file upload_23.tsv (TSV, C-alpha atoms and all ligand atoms)
chain	number	residue	atom	x	y	z
A	1444	MET	CA	31.12	-27.76	21.89
A	1445	LYS	CA	30.96	-31.58	21.93
A	1446	ILE	CA	27.38	-32.92	21.88
A	1447	ASN	CA	27.57	-34.93	25.12
A	1448	LYS	CA	29.28	-32.11	27.01
A	1449	LEU	CA	26.61	-29.67	25.85
A	1450	LYS	CA	23.84	-32.09	26.81
A	1451	LYS	CA	25.32	-32.49	30.30
A	1452	LYS	CA	25.69	-28.74	30.77
A	1453	LEU	CA	22.14	-28.10	29.62
A	1454	THR	CA	20.75	-30.72	32.00
A	1455	GLU	CA	22.70	-29.10	34.85
A	1456	ILE	CA	21.37	-25.64	33.95
A	1457	PHE	CA	17.76	-26.84	33.97
A	1458	MET	CA	18.33	-28.68	37.27
A	1459	ASN	CA	19.75	-25.45	38.76
A	1460	TYR	CA	16.48	-23.87	37.69
A	1461	LYS	CA	14.65	-26.47	39.81
A	1462	LEU	CA	13.57	-28.96	37.15
A	1463	SER	CA	13.77	-32.63	38.15
A	1464	LYS	CA	16.61	-34.59	36.51
A	1465	THR	CA	14.08	-36.42	34.29
A	1466	HIS	CA	12.47	-33.18	33.12
A	1467	ALA	CA	15.85	-31.47	32.67
A	1468	LYS	CA	16.99	-34.34	30.42
A	1469	ILE	CA	13.78	-34.19	28.37
A	1470	CYS	CA	14.46	-30.47	27.75
A	1471	SER	CA	18.14	-30.86	26.91
A	1472	ASP	CA	17.46	-33.78	24.52
A	1473	ALA	CA	14.87	-31.70	22.63
A	1474	ILE	CA	17.16	-28.65	22.44
A	1475	ILE	CA	20.17	-30.68	21.26
A	1476	ASN	CA	17.97	-32.38	18.65
A	1477	ALA	CA	16.99	-28.94	17.30
A	1478	GLU	CA	20.67	-28.05	16.93
A	1479	LEU	CA	21.45	-31.37	15.23
A	1480	VAL	CA	18.68	-31.05	12.62
A	1481	GLY	CA	19.90	-27.55	11.84
A	1482	ALA	CA	17.08	-25.64	13.57
A	1483	SER	CA	19.35	-23.57	15.82
A	1484	SER	CA	16.56	-20.96	16.02
A	1485	HIS	CA	14.88	-23.50	18.37
A	1486	GLY	CA	18.04	-24.66	20.13
A	1487	ILE	CA	20.56	-23.16	22.56
A	1488	SER	CA	19.47	-19.64	21.60
A	1489	ARG	CA	16.26	-20.18	23.59
A	1490	VAL	CA	17.73	-21.53	26.85
A	1491	LYS	CA	18.06	-18.10	28.48
A	1492	MET	CA	14.41	-17.38	27.65
A	1493	TYR	CA	13.22	-20.61	29.32
A	1494	CYS	CA	15.37	-19.88	32.40
A	1495	ASP	CA	14.15	-16.27	32.60
A	1496	ARG	CA	10.56	-17.49	32.53
A	1497	ILE	CA	11.22	-20.00	35.33
A	1498	LYS	CA	12.92	-17.27	37.39
A	1499	LYS	CA	9.94	-14.96	36.87
A	1500	LYS	CA	7.58	-17.77	37.88
A	1501	VAL	CA	5.73	-17.93	34.56
A	1502	ILE	CA	7.02	-21.46	33.85
A	1503	ASN	CA	6.37	-23.96	36.63
A	1504	PRO	CA	9.55	-26.06	37.14
A	1505	LYS	CA	7.69	-28.63	39.27
A	1506	PRO	CA	4.41	-29.14	37.36
A	1507	LYS	CA	1.72	-31.61	38.35
A	1508	ILE	CA	0.70	-32.68	34.86
A	1509	ARG	CA	-2.78	-34.20	34.79
A	1510	LEU	CA	-4.18	-36.52	32.13
A	1511	LYS	CA	-7.96	-36.64	31.96
A	1512	LYS	CA	-9.18	-39.78	30.21
A	1513	ILE	CA	-12.13	-39.17	27.90
A	1514	SER	CA	-11.93	-42.60	26.25
A	1515	ASN	CA	-9.18	-45.17	25.56
A	1516	SER	CA	-8.18	-43.04	22.56
A	1517	ILE	CA	-8.83	-39.50	23.81
A	1518	PHE	CA	-7.04	-37.67	26.63
A	1519	HIS	CA	-6.99	-34.05	27.78
A	1520	VAL	CA	-3.69	-32.94	29.34
A	1521	ASP	CA	-3.43	-30.04	31.78
A	1522	ALA	CA	0.30	-29.21	31.73
A	1523	ASP	CA	0.17	-26.97	34.83
A	1524	ASN	CA	2.32	-24.34	33.05
A	1525	SER	CA	5.24	-26.73	32.62
A	1526	ILE	CA	8.01	-26.00	30.14
A	1527	GLY	CA	6.50	-27.08	26.79
A	1528	PHE	CA	8.98	-29.93	26.18
A	1529	VAL	CA	7.80	-31.79	29.26
A	1530	ALA	CA	4.09	-31.41	28.47
A	1531	ALA	CA	4.65	-32.54	24.89
A	1532	ASP	CA	6.70	-35.53	26.06
A	1533	VAL	CA	3.88	-36.74	28.33
A	1534	ALA	CA	1.31	-36.16	25.59
A	1535	ILE	CA	3.13	-37.87	22.72
A	1536	LYS	CA	3.83	-40.91	24.93
A	1537	GLN	CA	0.10	-41.15	25.73
A	1538	ALA	CA	-0.82	-40.65	22.06
A	1539	ILE	CA	1.50	-43.50	21.06
A	1540	LYS	CA	0.15	-45.77	23.80
A	1541	SER	CA	-3.47	-45.10	22.81
A	1542	ALA	CA	-2.77	-45.53	19.09
A	1543	LYS	CA	-1.03	-48.86	19.70
A	1544	LYS	CA	-3.98	-50.04	21.80
A	1545	THR	CA	-7.00	-48.68	19.90
A	1546	GLY	CA	-5.65	-47.51	16.54
A	1547	LEU	CA	-5.97	-43.82	17.49
A	1548	GLY	CA	-4.51	-41.43	20.05
A	1549	PHE	CA	-6.15	-37.99	20.15
A	1550	ILE	CA	-4.58	-35.71	22.77
A	1551	GLY	CA	-5.33	-32.06	23.53
A	1552	ILE	CA	-2.90	-30.16	25.77
A	1553	LYS	CA	-3.58	-26.90	27.63
A	1554	ASN	CA	-1.51	-24.70	29.96
A	1555	SER	CA	1.70	-25.56	28.13
A	1556	GLY	CA	4.56	-23.46	26.77
A	1557	HIS	CA	6.82	-23.29	23.73
A	1558	TYR	CA	7.78	-26.90	22.92
A	1559	GLY	CA	10.33	-26.39	20.12
A	1560	LEU	CA	9.99	-28.44	16.95
A	1561	SER	CA	6.74	-30.26	16.19
A	1562	GLY	CA	8.67	-32.76	14.09
A	1563	TYR	CA	10.56	-33.98	17.15
A	1564	TYR	CA	7.29	-35.36	18.59
A	1565	ALA	CA	5.95	-36.67	15.28
A	1566	GLU	CA	9.21	-38.58	14.82
A	1567	GLN	CA	8.72	-40.39	18.12
A	1568	ALA	CA	5.36	-41.74	16.89
A	1569	VAL	CA	6.71	-42.56	13.44
A	1570	LYS	CA	9.54	-44.59	15.02
A	1571	LYS	CA	6.77	-46.77	16.49
A	1572	ASN	CA	5.30	-47.24	13.00
A	1573	LEU	CA	2.47	-44.75	13.51
A	1574	ILE	CA	1.25	-41.70	11.57
A	1575	ALA	CA	1.22	-38.40	13.49
A	1576	LEU	CA	-0.24	-34.93	13.10
A	1577	CYS	CA	1.08	-32.32	15.55
A	1578	PHE	CA	-0.24	-28.80	15.95
A	1579	THR	CA	0.71	-25.97	18.28
A	1580	ASN	CA	-0.27	-22.34	18.47
A	1581	ALA	CA	2.26	-19.58	19.15
A	1582	PRO	CA	2.40	-15.87	20.07
A	1583	PRO	CA	1.16	-13.20	17.62
A	1584	ALA	CA	3.36	-12.86	14.54
A	1585	LEU	CA	1.06	-12.95	11.48
A	1586	ALA	CA	-1.68	-10.49	10.59
A	1587	PRO	CA	-4.90	-12.29	9.61
A	1588	PHE	CA	-5.58	-11.62	5.91
A	1589	GLY	CA	-7.09	-8.14	5.58
A	1590	SER	CA	-5.75	-6.89	8.93
A	1591	LYS	CA	-2.55	-4.94	9.66
A	1592	LYS	CA	-2.19	-6.23	13.22
A	1593	ALA	CA	-0.37	-9.46	14.16
A	1594	LEU	CA	-2.61	-11.99	15.89
A	1595	PHE	CA	-1.88	-15.55	14.72
A	1596	GLY	CA	1.34	-17.30	15.61
A	1597	THR	CA	3.64	-18.89	13.05
A	1598	ASN	CA	1.57	-22.00	14.02
A	1599	PRO	CA	3.46	-24.93	12.45
A	1600	ILE	CA	1.71	-27.83	10.73
A	1601	CYS	CA	3.40	-31.17	11.10
A	1602	PHE	CA	2.64	-34.54	9.49
A	1603	GLY	CA	4.83	-37.59	9.99
A	1604	ALA	CA	4.47	-41.00	8.35
A	1605	PRO	CA	6.56	-44.18	8.28
A	1606	THR	CA	8.01	-44.89	4.83
A	1607	SER	CA	9.53	-48.37	5.27
A	1608	LEU	CA	12.69	-46.65	4.00
A	1609	LYS	CA	15.66	-45.41	6.04
A	1610	VAL	CA	14.19	-41.91	6.45
A	1611	PRO	CA	10.64	-41.17	7.66
A	1612	PHE	CA	8.40	-38.61	5.94
A	1613	ILE	CA	8.23	-35.59	8.28
A	1614	PHE	CA	6.61	-32.47	6.89
A	1615	ASP	CA	6.98	-29.77	9.54
A	1616	ALA	CA	6.51	-26.16	8.48
A	1617	SER	CA	5.49	-22.80	9.92
A	1618	VAL	CA	2.68	-21.04	8.08
A	1619	SER	CA	4.83	-17.91	7.88
A	1620	ILE	CA	7.41	-17.51	5.12
A	1621	ILE	CA	10.17	-17.93	7.73
A	1622	ASN	CA	9.78	-19.04	11.32
A	1623	ARG	CA	9.94	-16.42	14.08
A	1624	GLY	CA	12.90	-18.12	15.77
A	1625	LYS	CA	15.02	-17.32	12.70
A	1626	ILE	CA	14.11	-13.62	13.07
A	1627	ARG	CA	14.92	-13.72	16.81
A	1628	LEU	CA	18.26	-15.36	16.10
A	1629	ALA	CA	19.05	-12.81	13.34
A	1630	ALA	CA	18.22	-9.97	15.77
A	1631	LYS	CA	20.48	-11.47	18.44
A	1632	THR	CA	23.39	-12.08	16.05
A	1633	LYS	CA	22.84	-8.75	14.22
A	1634	ARG	CA	22.07	-10.26	10.83
A	1635	SER	CA	19.39	-9.23	8.33
A	1636	ILE	CA	16.43	-11.41	7.32
A	1637	PRO	CA	15.46	-12.37	3.74
A	1638	LYS	CA	13.55	-9.83	1.65
A	1639	GLY	CA	9.79	-10.29	1.40
A	1640	THR	CA	9.31	-12.12	4.70
A	1641	ALA	CA	8.17	-9.32	7.06
A	1642	LEU	CA	6.80	-5.78	7.32
A	1643	ASP	CA	7.82	-3.14	9.87
A	1644	LYS	CA	5.24	-1.48	12.13
A	1645	ASN	CA	4.38	1.00	9.34
A	1646	GLY	CA	3.57	-1.78	6.91
A	1647	GLN	CA	6.77	-1.40	4.86
A	1648	LEU	CA	8.83	-4.41	3.75
A	1649	THR	CA	11.91	-4.77	5.96
A	1650	THR	CA	15.03	-6.91	6.22
A	1651	ASP	CA	15.83	-5.51	9.68
A	1652	ALA	CA	15.13	-8.30	12.20
A	1653	LEU	CA	14.34	-5.94	15.10
A	1654	LYS	CA	11.89	-3.94	12.98
A	1655	ALA	CA	10.30	-7.20	11.79
A	1656	LEU	CA	9.76	-8.35	15.39
A	1657	LYS	CA	7.83	-5.13	16.03
A	1658	GLY	CA	5.87	-5.42	12.78
A	1659	VAL	CA	4.23	-8.43	11.16
A	1660	GLN	CA	5.52	-11.55	9.45
A	1661	LEU	CA	4.04	-12.51	6.10
A	1662	PRO	CA	2.15	-15.79	5.77
A	1663	ILE	CA	2.88	-18.38	3.09
A	1664	ALA	CA	0.59	-18.01	0.09
A	1665	GLY	CA	-1.43	-14.96	1.23
A	1666	PHE	CA	-4.95	-15.70	2.48
A	1667	ARG	CA	-4.30	-19.44	2.28
A	1668	GLY	CA	-1.49	-19.19	4.85
A	1669	SER	CA	-3.65	-16.94	7.00
A	1670	GLY	CA	-6.42	-19.58	6.84
A	1671	LEU	CA	-4.00	-22.35	7.86
A	1672	ALA	CA	-2.73	-20.27	10.80
A	1673	TRP	CA	-6.34	-19.79	11.89
A	1674	MET	CA	-7.06	-23.52	11.56
A	1675	VAL	CA	-4.09	-24.35	13.82
A	1676	ASP	CA	-5.25	-21.76	16.36
A	1677	ILE	CA	-8.69	-23.40	16.47
A	1678	LEU	CA	-7.29	-26.94	16.74
A	1679	SER	CA	-4.62	-26.24	19.35
A	1680	GLY	CA	-6.07	-23.21	21.13
A	1681	VAL	CA	-9.89	-23.05	20.96
A	1682	LEU	CA	-10.38	-26.82	21.15
A	1683	THR	CA	-8.02	-27.54	24.07
A	1684	GLY	CA	-8.96	-24.68	26.45
A	1685	SER	CA	-5.66	-22.85	25.89
A	1686	ASN	CA	-5.05	-19.22	25.00
A	1687	HIS	CA	-6.01	-18.37	21.41
A	1688	ALA	CA	-6.87	-15.44	19.12
A	1689	GLY	CA	-3.70	-13.50	19.92
A	1690	LYS	CA	-3.66	-14.24	23.67
A	1691	VAL	CA	-0.66	-16.62	23.74
A	1692	ARG	CA	2.06	-14.58	25.46
A	1693	ASP	CA	5.36	-13.98	23.73
A	1694	PRO	CA	7.92	-16.07	25.66
A	1695	PHE	CA	10.72	-13.51	25.18
A	1696	ASP	CA	8.88	-10.26	25.86
A	1697	ASP	CA	5.84	-10.90	28.01
A	1698	PHE	CA	6.35	-12.07	31.60
A	1699	SER	CA	2.91	-10.96	32.81
A	1700	GLY	CA	1.81	-14.61	33.15
A	1701	PRO	CA	2.24	-18.14	31.74
A	1702	GLN	CA	1.96	-18.51	27.98
A	1703	ASN	CA	-0.86	-21.10	28.09
A	1704	VAL	CA	0.06	-22.49	24.68
A	1705	GLY	CA	-2.13	-25.30	23.31
A	1706	HIS	CA	-1.09	-28.37	21.33
A	1707	LEU	CA	-3.03	-31.13	19.60
A	1708	PHE	CA	-1.51	-34.52	18.76
A	1709	ILE	CA	-3.35	-37.01	16.53
A	1710	VAL	CA	-1.59	-40.35	16.18
A	1711	PHE	CA	-2.93	-43.42	14.37
A	1712	LYS	CA	-2.00	-46.76	12.82
A	1713	PRO	CA	-1.18	-46.56	9.10
A	1714	ASN	CA	-2.99	-49.79	8.26
A	1715	LEU	CA	-6.48	-48.79	9.45
A	1716	PHE	CA	-7.97	-49.07	5.95
A	1717	VAL	CA	-5.46	-51.14	3.97
A	1718	GLY	CA	-3.27	-54.08	4.94
A	1719	ASN	CA	-0.39	-53.19	2.62
A	1720	TYR	CA	0.46	-49.61	3.73
A	1721	SER	CA	4.23	-50.27	3.66
A	1722	GLN	CA	4.14	-51.38	0.04
A	1723	ARG	CA	1.82	-48.51	-0.98
A	1724	ILE	CA	3.90	-45.75	0.66
A	1725	LYS	CA	7.10	-47.07	-0.93
A	1726	GLU	CA	5.39	-47.14	-4.32
A	1727	ASN	CA	4.09	-43.59	-3.73
A	1728	ILE	CA	7.56	-42.18	-2.98
A	1729	LYS	CA	9.15	-44.14	-5.83
A	1730	ARG	CA	6.76	-42.65	-8.37
A	1731	VAL	CA	7.52	-39.09	-7.21
A	1732	LYS	CA	11.26	-39.65	-7.17
A	1733	LYS	CA	11.22	-41.06	-10.72
A	1734	LEU	CA	9.78	-37.83	-12.20
A	1735	PRO	CA	11.90	-35.76	-14.59
A	1736	LYS	CA	13.93	-33.25	-12.57
A	1737	THR	CA	14.41	-29.50	-12.91
A	1738	LYS	CA	17.85	-28.18	-13.86
A	1739	GLY	CA	20.29	-28.48	-10.94
A	1740	THR	CA	18.18	-31.09	-9.07
A	1741	SER	CA	19.88	-34.44	-8.59
A	1742	ASP	CA	17.26	-35.99	-6.29
A	1743	ILE	CA	13.64	-35.07	-5.53
A	1744	LEU	CA	13.59	-35.05	-1.73
A	1745	TYR	CA	10.58	-35.84	0.39
A	1746	PRO	CA	10.01	-33.76	3.56
A	1747	GLY	CA	12.31	-34.90	6.34
A	1748	GLN	CA	15.14	-36.10	4.09
A	1749	ASN	CA	17.01	-32.78	4.27
A	1750	LYS	CA	16.85	-32.70	8.09
A	1751	TYR	CA	17.92	-36.34	8.32
A	1752	LYS	CA	21.00	-35.62	6.21
A	1753	ARG	CA	21.90	-32.64	8.44
A	1754	TYR	CA	21.33	-34.72	11.59
A	1755	LYS	CA	23.64	-37.53	10.40
A	1756	LYS	CA	26.35	-35.02	9.44
A	1757	ASN	CA	26.07	-32.94	12.63
A	1758	MET	CA	26.13	-36.04	14.86
A	1759	LYS	CA	29.75	-36.55	13.78
A	1760	GLY	CA	30.89	-33.07	14.73
A	1761	LYS	CA	30.55	-30.41	17.40
A	1762	ILE	CA	27.71	-27.94	17.89
A	1763	LYS	CA	28.72	-24.39	16.95
A	1764	ILE	CA	27.24	-21.71	19.17
A	1765	PRO	CA	27.32	-18.06	18.00
A	1766	HIS	CA	29.32	-15.77	20.29
A	1767	ALA	CA	26.31	-13.74	21.54
A	1768	ILE	CA	24.46	-16.92	22.51
A	1769	LEU	CA	27.55	-18.52	24.09
A	1770	LYS	CA	27.88	-15.53	26.42
A	1771	ASP	CA	24.29	-15.99	27.68
A	1772	PHE	CA	24.87	-19.72	28.00
A	1773	GLU	CA	28.05	-19.29	30.06
A	1774	ASN	CA	26.27	-16.82	32.37
A	1775	LEU	CA	23.58	-19.42	33.02
B	1801	LIG	N1	6.82	-24.26	18.77
B	1801	LIG	C1	6.53	-23.22	18.02
B	1801	LIG	O1	5.85	-22.29	18.46
B	1801	LIG	C2	7.01	-23.16	16.59
B	1801	LIG	C3	6.56	-22.14	15.74
B	1801	LIG	C4	7.00	-22.14	14.43
B	1801	LIG	C5	7.88	-23.11	13.96
B	1801	LIG	N2	8.30	-24.07	14.82
B	1801	LIG	C6	9.21	-25.13	14.34
B	1801	LIG	O2	10.27	-24.58	13.60
B	1801	LIG	C7	10.77	-25.56	12.70
B	1801	LIG	C8	11.17	-24.94	11.41
B	1801	LIG	O3	10.03	-24.53	10.68
B	1801	LIG	P1	10.22	-23.94	9.21
B	1801	LIG	O4	8.90	-23.49	8.71
B	1801	LIG	O5	11.35	-22.98	9.21
B	1801	LIG	O6	10.66	-25.26	8.40
B	1801	LIG	P2	11.48	-25.35	7.03
B	1801	LIG	O7	11.04	-24.27	6.11
B	1801	LIG	O8	12.91	-25.48	7.32
B	1801	LIG	O9	10.99	-26.76	6.45
B	1801	LIG	C9	9.64	-27.00	6.18
B	1801	LIG	C10	9.44	-28.43	5.64
B	1801	LIG	O10	9.90	-28.49	4.30
B	1801	LIG	C11	10.75	-29.63	4.14
B	1801	LIG	N3	11.75	-29.32	3.11
B	1801	LIG	C12	12.74	-28.40	3.18
B	1801	LIG	N4	13.48	-28.40	2.06
B	1801	LIG	C13	12.95	-29.35	1.26
B	1801	LIG	C14	13.25	-29.83	-0.05
B	1801	LIG	N5	14.27	-29.34	-0.76
B	1801	LIG	N6	12.48	-30.80	-0.58
B	1801	LIG	C15	11.44	-31.30	0.12
B	1801	LIG	N7	11.10	-30.89	1.38
B	1801	LIG	C16	11.83	-29.93	1.92
B	1801	LIG	C17	11.36	-29.86	5.48
B	1801	LIG	O11	11.76	-31.21	5.64
B	1801	LIG	C18	10.21	-29.50	6.41
B	1801	LIG	O12	9.38	-30.60	6.62
B	1801	LIG	C19	9.70	-26.63	12.61
B	1801	LIG	O13	10.22	-27.78	13.24
B	1801	LIG	C20	8.52	-26.08	13.40
B	1801	LIG	O14	7.79	-27.05	14.12
B	1801	LIG	C21	7.89	-24.12	16.11
call {"tool": "encode", "arguments": {"input": "upload_23.tsv", "output": "structure tokens", "more": "lines below"}}
Ligand SMILES: NC(=O)c1ccc[n+]([C@@H]2O[C@H](COP(=O)([O-])OP(=O)(O)OC[C@H]3O[C@@H](n4cnc5c(N)ncnc54)[C@H](O)[C@@H]3O)[C@@H](O)[C@H]2O)c1
result
Amino acid sequence: MKINKLKKKLTEIFMNYKLSKTHAKICSDAIINAELVGASSHGISRVKMYCDRIKKKVINPKPKIRLKKISNSIFHVDADNSIGFVAADVAIKQAIKSAKKTGLGFIGIKNSGHYGLSGYYAEQAVKKNLIALCFTNAPPALAPFGSKKALFGTNPICFGAPTSLKVPFIFDASVSIINRGKIRLAAKTKRSIPKGTALDKNGQLTTDALKALKGVQLPIAGFRGSGLAWMVDILSGVLTGSNHAGKVRDPFDDFSGPQNVGHLFIVFKPNLFVGNYSQRIKENIKRVKKLPKTKGTSDILYPGQNKYKRYKKNMKGKIKIPHAILKDFENL
């Protein structure tokens, strides 16, 4: 489907589900962006889920989002169970405003929902020549190291920095070997998942997406990944007053109440300590790129470059929607 047509349709769907035009556009922009950067696990495939949650009154389509000022740099956002995209939009705008004014924007968000890709928000700050760290917790997927029960989410860690080059540095990664959206999408489109990424409910390695969803996902780097997932749960859940320690509801399967996801955005000026950040970051990237390369590598990429290339390429074409997802989309 053509990008603009899809954007228009998405906005209409969200408006039919009682979102204001402004909020509907915020959601459709974020979803289309996910498709364009190649993260279809966080794109159209999730629209039915968001609409189901609105219908079941566990996402509030008309939220009264409140910003509590703690200082010129620090704000606490109560998202009033809005769809996550809208809460994150309000929060990143405030973080950018505070960072421009004081050097730092430190924003905790509670009572939010799944907001898609962390990198989408970091990019907005980076475009304003700011550095950004974005954290969010997520429903249980990973077993803490030493346990056989899932409790931590795939809790992505995201760091964005301006590079003074065409492409910003955006490192945005789940702490699981693959993100849960990819397993959901594989289940929906009846495909298997890569070996070594998940265990079934009996603790056996599985490539069956449905079995993986009922079992546990494996963290990156063993106890280190488990520790990072825990850190993100503390930063975005414990700190902000949101659900944490396995209490964030699964958006697809649990309609017993709002998710109450937490996010934390930390945005700051890159020249707080040195006046020549632009020169230093360019020098930094240049030195890495000049290193001898492994066989088959033509360019050492920095995080964000791969997504930028996909975005540029996909902007020229149409967005392909798998048949199973298209059916849901047409029903909506
Ligand atoms: N909202 C949520 O609850 C939630 C939960 C989990 C993940 N997510 C999102 O899902 C998205 C995908 O996460 P993921 O873990 O699958 O990411 P990924 O594995 O595709 O990429 C991780 C990072 O590695 C970089 N990278 C990839 N190939 C590279 C290469 N060859 N050289 C250098 N860098 C390279 C990417 O630019 C990216 O920054 C993220 O945007 C994340 O925020 C959201």
call {"tool": "closest_atom_pairs", "arguments": {"input": "upload_23.tsv", "of": "chain A", "to": "ligand LIG 1801 (chain B)", "cutoff": "8 Å", "atoms": "only C-alpha atoms and all ligand atoms", "output": "JSON lines"}}
result
{"residue": "A:Ala1477", "atom": "CA", "partner": "B:LIG1801", "partner_atom": "O13", "distance": 8.0}
{"residue": "A:Ala1482", "atom": "CA", "partner": "B:LIG1801", "partner_atom": "C8", "distance": 6.3}
{"residue": "A:Ser1484", "atom": "CA", "partner": "B:LIG1801", "partner_atom": "O2", "distance": 7.7}
{"residue": "A:His1485", "atom": "CA", "partner": "B:LIG1801", "partner_atom": "O2", "distance": 6.7}
{"residue": "A:His1557", "atom": "CA", "partner": "B:LIG1801", "partner_atom": "N1", "distance": 5.1}
{"residue": "A:Tyr1558", "atom": "CA", "partner": "B:LIG1801", "partner_atom": "N1", "distance": 5.0}
{"residue": "A:Gly1559", "atom": "CA", "partner": "B:LIG1801", "partner_atom": "N1", "distance": 4.3}
{"residue": "A:Leu1560", "atom": "CA", "partner": "B:LIG1801", "partner_atom": "O13", "distance": 3.8}
{"residue": "A:Ser1561", "atom": "CA", "partner": "B:LIG1801", "partner_atom": "O14", "distance": 4.0}
{"residue": "A:Gly1562", "atom": "CA", "partner": "B:LIG1801", "partner_atom": "O13", "distance": 5.3}
{"residue": "A:Tyr1563", "atom": "CA", "partner": "B:LIG1801", "partner_atom": "O13", "distance": 7.3}
{"residue": "A:Thr1579", "atom": "CA", "partner": "B:LIG1801", "partner_atom": "O1", "distance": 6.3}
{"residue": "A:Asn1580", "atom": "CA", "partner": "B:LIG1801", "partner_atom": "O1", "distance": 6.1}
{"residue": "A:Ala1581", "atom": "CA", "partner": "B:LIG1801", "partner_atom": "O1", "distance": 4.6}
{"residue": "A:Pro1582", "atom": "CA", "partner": "B:LIG1801", "partner_atom": "O1", "distance": 7.5}
{"residue": "A:Gly1596", "atom": "CA", "partner": "B:LIG1801", "partner_atom": "C3", "distance": 7.1}
{"residue": "A:Thr1597", "atom": "CA", "partner": "B:LIG1801", "partner_atom": "C4", "distance": 4.9}
{"residue": "A:Asn1598", "atom": "CA", "partner": "B:LIG1801", "partner_atom": "C3", "distance": 5.3}
{"residue": "A:Pro1599", "atom": "CA", "partner": "B:LIG1801", "partner_atom": "C4", "distance": 4.9}
{"residue": "A:Ile1600", "atom": "CA", "partner": "B:LIG1801", "partner_atom": "O14", "distance": 7.0}
{"residue": "A:Cys1601", "atom": "CA", "partner": "B:LIG1801", "partner_atom": "O14", "distance": 6.7}
{"residue": "A:Ile1613", "atom": "CA", "partner": "B:LIG1801", "partner_atom": "O12", "distance": 5.4}
{"residue": "A:Phe1614", "atom": "CA", "partner": "B:LIG1801", "partner_atom": "O12", "distance": 3.4}
{"residue": "A:Asp1615", "atom": "CA", "partner": "B:LIG1801", "partner_atom": "O12", "distance": 3.9}
{"residue": "A:Ala1616", "atom": "CA", "partner": "B:LIG1801", "partner_atom": "O4", "distance": 3.6}
{"residue": "A:Ser1617", "atom": "CA", "partner": "B:LIG1801", "partner_atom": "O4", "distance": 3.7}
{"residue": "A:Val1618", "atom": "CA", "partner": "B:LIG1801", "partner_atom": "O4", "distance": 6.7}
{"residue": "A:Ser1619", "atom": "CA", "partner": "B:LIG1801", "partner_atom": "O4", "distance": 7.0}
{"residue": "A:Ile1620", "atom": "CA", "partner": "B:LIG1801", "partner_atom": "O4", "distance": 7.1}
{"residue": "A:Ile1621", "atom": "CA", "partner": "B:LIG1801", "partner_atom": "O5", "distance": 5.4}
{"residue": "A:Asn1622", "atom": "CA", "partner": "B:LIG1801", "partner_atom": "O5", "distance": 4.7}
{"residue": "A:Arg1623", "atom": "CA", "partner": "B:LIG1801", "partner_atom": "C4", "distance": 6.4}
{"residue": "A:Gly1624", "atom": "CA", "partner": "B:LIG1801", "partner_atom": "C4", "distance": 7.3}
{"residue": "A:Lys1625", "atom": "CA", "partner": "B:LIG1801", "partner_atom": "O5", "distance": 7.6}
{"residue": "A:Ile1743", "atom": "CA", "partner": "B:LIG1801", "partner_atom": "N6", "distance": 6.6}
{"residue": "A:Leu1744", "atom": "CA", "partner": "B:LIG1801", "partner_atom": "N6", "distance": 4.5}
{"residue": "A:Tyr1745", "atom": "CA", "partner": "B:LIG1801", "partner_atom": "C15", "distance": 4.6}
{"residue": "A:Pro1746", "atom": "CA", "partner": "B:LIG1801", "partner_atom": "O11", "distance": 3.7}
{"residue": "A:Gly1747", "atom": "CA", "partner": "B:LIG1801", "partner_atom": "O11", "distance": 3.8}
{"residue": "A:Gln1748", "atom": "CA", "partner": "B:LIG1801", "partner_atom": "O11", "distance": 6.1}
{"residue": "A:Asn1749", "atom": "CA", "partner": "B:LIG1801", "partner_atom": "O11", "distance": 5.6}
{"residue": "A:Lys1750", "atom": "CA", "partner": "B:LIG1801", "partner_atom": "O11", "distance": 5.8}
call {"tool": "atom_distance", "arguments": {"input": "upload_23.tsv", "atom1": "CA of Pro1713 in chain A", "atom2": "CA of Met1674 in chain A"}}
result
23.9 Å
call {"tool": "closest_residue", "arguments": {"input": "upload_23.tsv", "among": "A:Arg1627, A:His1706, A:Lys1591, A:Lys1498", "to": "Gly1658 in chain A", "atoms": "all atoms listed in the file"}}
result
A:Lys1591
call {"tool": "axis_aligned_box", "arguments": {"input": "upload_23.tsv", "around": "range 1642-1661 of chain A", "padding_each_side": "3 Å", "output": "lines of an AutoDock Vina configuration file"}}
result
center_x = 9.7
center_y = -5.8
center_z = 9.9
size_x = 18.3
size_y = 19.5
size_z = 18.3
call {"tool": "atom_distance", "arguments": {"input": "upload_23.tsv", "atom1": "CA of Ser1590 in chain A", "atom2": "CA of Ser1555 in chain A"}}
result
27.8 Å
call {"tool": "build_atoms", "arguments": {"input": "upload_23.tsv", "residues": "range 1559-1563 of chain A", "atoms": "N, CA and C atoms", "output": "JSON list (two decimals), keeping the file's coordinate frame"}}
result
[["chain", "number", "residue", "atom", "x", "y", "z"],
["A", 1559, "GLY", "N", 9.29, -26.16, 21.12],
["A", 1559, "GLY", "CA", 10.33, -26.39, 20.12],
["A", 1559, "GLY", "C", 9.77, -26.87, 18.80],
["A", 1560, "LEU", "N", 10.34, -27.95, 18.28],
["A", 1560, "LEU", "CA", 9.99, -28.44, 16.95],
["A", 1560, "LEU", "C", 8.89, -29.48, 16.99],
["A", 1561, "SER", "N", 7.82, -29.27, 16.23],
["A", 1561, "SER", "CA", 6.74, -30.26, 16.19],
["A", 1561, "SER", "C", 7.26, -31.61, 15.68],
["A", 1562, "GLY", "N", 8.17, -31.54, 14.71],
["A", 1562, "GLY", "CA", 8.67, -32.76, 14.09],
["A", 1562, "GLY", "C", 9.33, -33.72, 15.07],
["A", 1563, "TYR", "N", 9.88, -33.16, 16.14],
["A", 1563, "TYR", "CA", 10.56, -33.98, 17.15],
["A", 1563, "TYR", "C", 9.55, -34.96, 17.79]]
